[in-house]
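For reference, the structure is listed below as structure tokens.
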Amino acid sequence: MTMPSETMEKEILDFLEVRTKTVWEADQDLFASGGLSSLFAMELVVHLEKSYGISIRGADLRLDNFRTVTGMTALVHRLRADAGDNGE
């Protein structure tokens, strides 16, 4: 079932806040701020895969896909659509 972007963004922001003890904005560059490392990006990959039933592979593993919560949300929606999640 398709989840509204706002709901998904809030869930990801909540996860980030718990893990980093920092409040983030959906369009904030998480890595440019120095708050997160590339190692943490892999934790984000695992979290997104488990939480949203997707598989992130190949070209989708680019750090740019994980710079913002908005970008991660778009990635999840695209991968779900590619996998045939039509919202039913």
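Please note that chains go A, B, ... in the order of the structure tokens, that every chain numbers its residues from 1, and that ligands are numbered from 1 in the order shown.
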
### Message
Taking 4 positions as the minimum chain separation for residues in the same chain, which residues sit within 10 Å of Leu36 of chain A when counting only C-alpha atoms? Answer as number ranges by chain.
### Response
A: 16, 20, 29-32, 40-41, 67

### Task
Fewer than 2 positions away in the same chain doesn't count, so skip those; otherwise give me all residues within 10 Å of Trp24 of chain A, counting only C-alpha atoms, as a ChimeraX atom specification.
/A:12-14,16-17,20-22,26-30,35,68-69

### Task
Extract, using only C-alpha atoms, all DNA, RNA and protein residues at most 10 Å from segment 70-83 of chain A, discarding same-chain residues fewer than 4 positions from it, and format them as an MDAnalysis selection string.
chainID A and resid 1:10 12:13 25:29 44:45 48:49 52:56 60 64:66 87

Take the residues that were just selected and, keeping C-alpha atoms, output them as an mmCIF file, in the first residue's frame.
```cif
data_model
loop_
_atom_site.group_PDB
_atom_site.id
_atom_site.type_symbol
_atom_site.label_atom_id
_atom_site.label_comp_id
_atom_site.auth_asym_id
_atom_site.auth_seq_id
_atom_site.Cartn_x
_atom_site.Cartn_y
_atom_site.Cartn_z
ATOM 1 C CA MET A 1 0.000 0.000 0.000
ATOM 2 C CA THR A 2 1.275 3.459 -0.872
ATOM 3 C CA MET A 3 2.191 5.651 2.078
ATOM 4 C CA PRO A 4 1.852 9.440 1.820
ATOM 5 C CA SER A 5 5.230 11.178 1.481
ATOM 6 C CA GLU A 6 4.576 13.326 4.564
ATOM 7 C CA THR A 7 4.006 10.233 6.710
ATOM 8 C CA MET A 8 7.125 8.517 5.408
ATOM 9 C CA GLU A 9 9.223 11.667 5.900
ATOM 10 C CA LYS A 10 8.027 11.931 9.510
ATOM 11 C CA ILE A 12 12.394 8.703 8.716
ATOM 12 C CA LEU A 13 12.924 11.976 10.600
ATOM 13 C CA GLU A 25 14.565 18.992 8.483
ATOM 14 C CA ALA A 26 13.289 16.929 5.538
ATOM 15 C CA ASP A 27 15.314 18.947 3.008
ATOM 16 C CA GLN A 28 18.463 19.328 5.136
ATOM 17 C CA ASP A 29 21.664 17.793 3.706
ATOM 18 C CA LEU A 44 19.898 4.088 6.611
ATOM 19 C CA VAL A 45 19.871 1.605 3.706
ATOM 20 C CA LEU A 48 14.684 1.767 4.656
ATOM 21 C CA GLU A 49 14.791 -1.773 3.266
ATOM 22 C CA TYR A 52 9.414 -0.187 3.577
ATOM 23 C CA GLY A 53 9.927 -3.626 2.031
ATOM 24 C CA ILE A 54 12.316 -2.507 -0.685
ATOM 25 C CA SER A 55 15.699 -3.606 -1.956
ATOM 26 C CA ILE A 56 18.297 -0.890 -2.592
ATOM 27 C CA ASP A 60 20.560 3.406 -6.074
ATOM 28 C CA ASP A 64 23.125 11.439 -3.082
ATOM 29 C CA ASN A 65 19.993 9.303 -2.594
ATOM 30 C CA PHE A 66 20.487 9.570 1.179
ATOM 31 C CA GLY A 87 -1.365 1.267 -3.788
#
```

### Query
Mind pulling up the distance from atom CA of Glu43 of chain A to atom CA of Leu63 of chain A?
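Separating atom CA of Leu63 of chain A from atom CA of Glu43 of chain A is a distance of 12.2 Å.
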